[in-house]
Amino acid sequence: MAEILDKVYDPQKIEAKWYDYWEKSGLFHARADGASPSYCIVIPPPNITGSLHMGHALNNTLQDILIRWKRMLGYDALWMPGTDHAGIATQNVVERMLAAEGVNRHSLGREAFIDRVWQWKGESGGTIINQLKRLGCSCDWSRERFTMDAGLSRAVREVFVRLYEEGLIYKDDYIINWCPRCRTALADLEVEHDPHEGYLYYIKYPLVGKEGALTVATTRPETLLGDTAVAVHPEDKRYKAYHGAKVRLPVLGREIPVITDPYVSLEFGTGALKITPAHDLNDFEVARRHNLPAIKVIDEEGLMTRKAGKYRGMDRFGCREKIVKDLKSDGLLEKRERYHVPVGHCYRCRTVVEPLISKQWFVAVKTLAAAAIAAVQDGRTKLIPASWDNSYFDWMTNIRDWCISRQIWWGHRIPAWTCKDCGQVIVAREDPDKCPHCGGSGLVQETDVLDTWFSSALWPFSTLGWPEQTPELKLFYPTTVLVTAFDILFFWVARMMMMGLHFMGEVPFHEVYIHALVRDPEGQKMSKSKGNVIDPLDLMAAYGTDAFRFSLAAFAAMGRDIRLSEERISGYRNFANKVWNACRFTFMNLEDFDPAAAAPDLPLTVVEAWILSRLQQVTRETGEHLEVYDFDQAANALYQFIWHEFCDWYLELIKPQLNDKTDPAARRHCQEVLLRVLNAILRLLHPFMPFITEEIWQKLPGASGSIMAASYPREEADLVNPQAEAEMGLVMATITAIRNLRGEMNVPPASQVEVFLKSADPSSLVALERHRQSLMQLSRLKELHTNAADTPAAAAKAVVEQVEIFMPLAGVIDFAEEERRLAKEMEKISKELAQAQRKLANEDFLAKAPEEVVNKEKERLQSWSEKLAKLKTHRERIKGLMG
RNA sequence: GCGGGAAUAGCUCAAUGGCUAGAGCAUCAGCCUUACAAGCUGAGGGUUGCGGGUUCGAGUCCCGUUUCCCGCUCCA
């Protein structure tokens with residue numbers, strides 16, 4: 001016996017209880033016993049500092065849909081969860097807390113500081129995990145990992161040591177991007193270039209021993225303090241005379257050479273370029289070619305060094321103003337022009353990045369990148385959509401060595417030691433206590449930590465237990481698919497490809513599904529500074545998690561950004577309510593239903609054959625769409641079927657049988673089929689709307705256990721029934737046509753009318769006769785004449801396929817109104833007819849188009865002209881009646 | 001600057017080169033029809049950005065053009 005659902009669908013009430021139930025039942029746990037095929041997704045690990053934003057919500061909803069779907073299909077589905085230690089971001093958070101207490105990390109000391117970060121992580125680091133649970137994510141929490149936990153740290157060290165031993169990790173003096181606020185080096189990728197309103201300054205460098213000066217153009221006059229040359233293009237005729245000359249550096253008076261290098265552009269500025277090797281990447285490379293010294297005039301805090309002479313200790317921007325002033329008073333500033341300067345900012349704190357020469361650790365990525373390129377080229381890993389291939393190749397081809405050392409404390413400390421006695425560098429898996437070269441005990445460990453992405457790059461195998469050869473690693477690597485947004489394609493995906501291929505010998509994932517970015521309704525990127533951030537938790541509270549998830553899936557069209565509109569989410573909330581009420585209706589009609597009792601052996605009615613046939617097709621479509629990550633199409637197919645076929649038609653069509661208590665067997669049979677369809681619908685919908693489907697499933701007669709553990713519907717081909725679909729198509733079209741006539745002729749819904757049907761095709765009438773009750777009920781008829789010998793003249797008329805429909809409206813009908821309506825209808829049809837005629841009159845079309853297309857066109861022509869003829873006859877009759 | 005998208009109903013988006021270019025929301029009209037007013041039944045709404053071309057046939061393919069978005073960028 002079925003329990004009756006509450007009258008109102010209340011998402012908050014039903015969503016609260018199921019997550020615990022699932023988790024406690026162990027339903028998220030992958031068995032890893034090799035008994036069924038494996039399916040594995042590793043989660044893009046969110047930062048421990050993070051809280052759930054729209055990007056996470058979309059990303060994880062899609063993953064959960066895939067995982068729940070595959071799990072129901074019988075795969076041993078592992079969704080490997082975890083979090084990322086987010087070195088710089090986390091350190092910033094904790095440092096801010098310390099600042100509020102009036103201390104800083106240096107006064108605290110390294111050990112204590114790290115303890116403090118762990119403490120913070122314990123208290124606040126789980127926020128996002130709880131939010132993922134709120135979203136319904138069915139991750140295998142028993143396997144949850146963290147990039148700083150013991151196992152992953154061991155993997156990091158193993159990778160570092162091996163790469164070092166292979167010569168792929170090295171330490172060198174090089175110019176790197178430095179954030180003076182975070183006081184650490186950054187990788188090229190971690191610098192964001194934004195245009196900045198600035199100036200291009202033209203500065204005179206007086207010639208030594210001659211009259212005159214060379215004028216250089218620069219956006220950063222303060223760096224002239226570190227200039228060690230002025231470069232011109234070797235072919236530049238303007239400067240031929242100055243090759244080998246010397247100029248005097250303004251302000252400081254140092255003499256520096258004029259050199260020639262083809263790097264210099266002839267067109268830009270004056271064609272003379274100041275060279276500051278310590279503070280500009282290009283200058284650094286020019287200087288290497290010419291063996292020029294580098295003079296560091298800006299330090300790690302962004303302050304001028306003692307090499308800057310009288311400017312020492314000034315802030316770099318203050319120094320710029322002062323220098324410009326001094327140049328002006330010396331008469332050496334020729335002019336300045338307004339200019340858009342591309343300025344690099346730290347992606348974590350937005351501070352202007354300072355290029356600095358510094359000793360850092362690098363990964364030599366060329367060979368790793370080549371392997372990662374090959375894997376995508378030969379399809380071992382597929383990017384979906386493939387339009388990302390070119391960006392991937394482009395980036396991978398132009399990649400430069402990866403700076404992996406960070407001058408912060410929170411992270412994996414680089415396992416390198418320097419011997420104070422012999423000066424040798426030791427890189428080791430275990431902390432050494434004496435120098436293996438000289439036996440000395442004065443070992444000093446590297447203070448830097450590794451870039452956070454270094455550990456995330458190992459995520460697909462480190463989380464599965466590597467370097468141990470675990471059963472999980474064997475079963476789930478390579479993982480099936482990685483689901484991510486394109487903004488971390490290079491940061492993360494590219495690096496996982498490199499590391500996975502190098503250490504596992506196989507790609508980390510077979511497919512990478514790259515989904516859209518969620519934008520605000522105006523298409524703007526959501527950001528705190530713009531104030532247009534929509535909090536997913538608010539949406540879940542307002543519309544329910546199921547509606548929210550379904551919206552995200554329905555929005556997730558491939559290769560297109562998502563503009564989130566609340567109106568549509570509320571539309572899907574209505575859909576959830578619709579599902580709820582369809583179930584409520586079903587349950588109300590199952591009060592006397594005993595699933596254990598034997599089902600009567602009755603044949604399917606046409607209506608049942610039709611709905612089961614449609615169900616098969618929707619089942620097939622849903623699977624096909626999910627298989628290729630067309631989440632939106634899968635969601636829409638279900639929405640359309642459930643609302644507009646199951647609810648709008650099927651439930652209406654079976655009401656008479658359900659209400660007919662005189663034939664218990666037929667009623668019981670009807671209940672049986674209804675339950676069967678609803679059961680399948682819930683399972684089809686479950687990956688998208690896990691909570692509401694579970695809530696209803698638990699009350700569904702004959703269902704047991706969690707819907708999570710039920711099987712996902714598969715198409716039953718023998719139930720596909722084109723005849724039933726054709727017949728119901730005619731019935732529904734006829735009902736719609738009658739409703740249409742009523743509407744057009746302004747017949748009040750309450751008043752019942754008579755309808756006459758006529759057709760040259762007797763089988764149509766037989767079919768419609770079979771559905772007499774449905775026709776009467778759904779189009780509100782007083783009487784239906786399907787064998788009308790005489791059709792009333794004073795009637796409104798419509799034509800559906802071969803069937804003519806007459807609705808006599810004696811005393812009600814406005815002949816002029818009907819005449820106008822017919823004229824309009826005929827005009828529409830005439831247009832279609834003309835188009836078909838035009839096509840068929842075209843000899844090229846007849847000769848070149850495929851036969852079936854031509855035949856189709858002929859059929860269309862025929863049916864249009866028949867319909868037109870019928871309407872025309874009728875119109876004449878109406879006209880006759882009008883007098 | 002280089003590269004990639006996008007442009008279709010008032011809005012957000014669909015549409016293997018071939019049925020009358022479709023949905024949802026919004027609008028309008030009428031309905032509390034015993035699951036649902038978060039609902040039901042209808043209706044209106046389109047020169048597919050613009051200009052060419054290929055084709056029997058173009059929203060779809062090609063060229064040009066305009067606008068918008070997004071990446072990448074070592075000419076100061």
# chains A, B, ... in the order shown; residues from 1 in each chain; ligands from 1
$ select_by_dssp --residues "stretch 211-304 of chain A" --states "strand (DSSP E)" --output "MDAnalysis selection string"
chainID A and resid 213:218 229:232 246:248 255:260 272:275
$ residues_around --residues "B:C13" --least-positions-apart "2" --cutoff "10 Å" --atoms "only C-alpha atoms (C1' of nucleotides)" --output "list of chain:residue names"
A:Phe555, A:Ala557, A:Ile562, A:Arg563, B:U8, B:C11, B:A23, B:G24
$ select_by_dssp --residues "stretch 289-394 of chain A" --states "helix (DSSP H, G or I)" --output "PyMOL selection string"
chain A and resi 289-290+306-311+316-330+366-377+386-394
$ interface_residues --of "chain A" --to "chain B" --cutoff "6 Å" --atoms "only C-alpha atoms (C1' of nucleotides)" --output "ChimeraX atom specification"
/A:218,265,268,282,574,581-582,584-585,743,844-845,848
$ residues_around --residues "A:Met776" --least-positions-apart "2" --cutoff "12 Å" --atoms "only C-alpha atoms (C1' of nucleotides)" --output "list in words"
Leu653, Pro656, Val731, Thr734, Ile735, Ile738, Arg739, Gln752, Val753, Glu754, Val755, Phe756, Leu768, Glu769, Arg770, His771, Arg772, Gln773, Ser774, Leu778, Ser779, Arg780, Leu781, Lys782, Glu783, Leu784, His785 and Thr786 of chain A
$ atom_distance --atom1 "atom CA of A:Ile408" --atom2 "atom CA of A:Ser455"
15.4 Å
$ atom_distance --atom1 "atom CA of A:Ile65" --atom2 "atom CA of A:Phe490"
25.2 Å
$ residues_around --residues "A:Glu166" --least-positions-apart "2" --cutoff "12 Å" --atoms "only C-alpha atoms (C1' of nucleotides)" --output "list in words"
Val159, Phe160, Val161, Arg162, Leu163, Tyr164, Leu168, Ile169, Tyr170, Val363, Ala364, Thr367, Val427 and His502 of chain A
$ atom_distance --atom1 "atom CA of A:Arg220" --atom2 "atom CA of A:Arg288"
21.1 Å
$ residues_around --residues "A:Gly331" --least-positions-apart "6" --cutoff "10 Å" --atoms "only C-alpha atoms (C1' of nucleotides)" --output "PyMOL selection string"
chain A and resi 203-204+325
$ residues_around --residues "A:Arg413" --least-positions-apart "3" --cutoff "7 Å" --atoms "only C-alpha atoms (C1' of nucleotides)" --output "JSON, numbers by chain"
{"A": [447, 448, 449, 450]}
$ residues_around --residues "A:Val247" --least-positions-apart "5" --cutoff "12 Å" --atoms "only C-alpha atoms (C1' of nucleotides)" --output "ChimeraX atom specification"
/A:204-216,227-231,242,252-259,272,274
$ write_last_selection --atoms "N, CA and C atoms" --output "short mmCIF file (atom, residue, chain, number, x, y, z; two decimals), in the first residue's frame"
data_model
loop_
_atom_site.label_atom_id
_atom_site.label_comp_id
_atom_site.auth_asym_id
_atom_site.auth_seq_id
_atom_site.Cartn_x
_atom_site.Cartn_y
_atom_site.Cartn_z
N LYS A 204 67.23 60.75 -22.05
CA LYS A 204 68.51 60.96 -22.76
C LYS A 204 69.66 60.36 -21.96
N TYR A 205 70.46 59.55 -22.65
CA TYR A 205 71.68 59.02 -22.05
C TYR A 205 72.85 59.73 -22.77
N PRO A 206 73.54 60.67 -22.13
CA PRO A 206 74.62 61.44 -22.80
C PRO A 206 75.73 60.52 -23.24
N LEU A 207 76.30 60.84 -24.41
CA LEU A 207 77.43 60.06 -24.93
C LEU A 207 78.69 60.41 -24.15
N VAL A 208 79.54 59.40 -24.01
CA VAL A 208 80.81 59.65 -23.33
C VAL A 208 81.83 60.11 -24.36
N GLY A 209 82.47 61.24 -24.12
CA GLY A 209 83.51 61.72 -25.00
C GLY A 209 83.00 62.36 -26.27
N LYS A 210 81.75 62.53 -26.40
CA LYS A 210 81.20 63.18 -27.59
C LYS A 210 80.06 64.08 -27.15
N GLU A 211 79.66 64.91 -28.08
CA GLU A 211 78.46 65.71 -27.86
C GLU A 211 77.24 64.82 -28.09
N GLY A 212 76.13 65.21 -27.52
CA GLY A 212 74.87 64.54 -27.84
C GLY A 212 74.53 63.41 -26.89
N ALA A 213 73.43 62.71 -27.21
CA ALA A 213 72.93 61.67 -26.33
C ALA A 213 72.10 60.67 -27.12
N LEU A 214 71.96 59.49 -26.57
CA LEU A 214 71.03 58.51 -27.12
C LEU A 214 69.75 58.61 -26.29
N THR A 215 68.61 58.57 -26.98
CA THR A 215 67.37 58.61 -26.22
C THR A 215 66.74 57.22 -26.21
N VAL A 216 66.43 56.74 -25.01
CA VAL A 216 65.77 55.43 -24.90
C VAL A 216 64.33 55.67 -24.40
N ASP A 227 70.71 49.64 -15.13
CA ASP A 227 71.08 49.43 -16.53
C ASP A 227 72.56 49.09 -16.65
N THR A 228 72.85 48.13 -17.56
CA THR A 228 74.26 47.82 -17.79
C THR A 228 74.61 47.95 -19.27
N ALA A 229 73.66 48.41 -20.09
CA ALA A 229 73.95 48.66 -21.51
C ALA A 229 72.78 49.39 -22.13
N VAL A 230 73.03 49.95 -23.34
CA VAL A 230 71.93 50.39 -24.19
C VAL A 230 72.08 49.59 -25.48
N ALA A 231 70.99 49.01 -25.95
CA ALA A 231 71.07 48.15 -27.14
C ALA A 231 70.36 48.80 -28.31
N TYR A 242 77.15 54.77 -33.51
CA TYR A 242 77.35 54.61 -32.07
C TYR A 242 77.78 53.22 -31.65
N LEU A 252 73.17 58.45 -11.96
CA LEU A 252 74.28 57.76 -11.29
C LEU A 252 75.62 58.05 -11.95
N GLY A 253 75.61 58.37 -13.25
CA GLY A 253 76.85 58.73 -13.94
C GLY A 253 77.71 57.56 -14.34
N ARG A 254 77.24 56.32 -14.10
CA ARG A 254 78.00 55.15 -14.53
C ARG A 254 78.13 55.13 -16.03
N GLU A 255 79.29 54.63 -16.56
CA GLU A 255 79.45 54.49 -18.00
C GLU A 255 79.01 53.09 -18.41
N ILE A 256 78.17 53.02 -19.45
CA ILE A 256 77.73 51.70 -19.93
C ILE A 256 77.86 51.65 -21.45
N PRO A 257 78.09 50.44 -22.01
CA PRO A 257 78.34 50.33 -23.45
C PRO A 257 77.05 50.38 -24.28
N VAL A 258 77.22 50.74 -25.54
CA VAL A 258 76.13 50.60 -26.51
C VAL A 258 76.39 49.30 -27.25
N ILE A 259 75.44 48.40 -27.21
CA ILE A 259 75.63 47.11 -27.86
C ILE A 259 74.60 46.94 -28.99
N ALA A 272 66.30 52.56 -29.51
CA ALA A 272 67.37 52.30 -28.54
C ALA A 272 66.71 51.79 -27.26
N LYS A 274 67.13 50.38 -23.30
CA LYS A 274 67.97 50.25 -22.10
C LYS A 274 67.93 48.81 -21.63
#
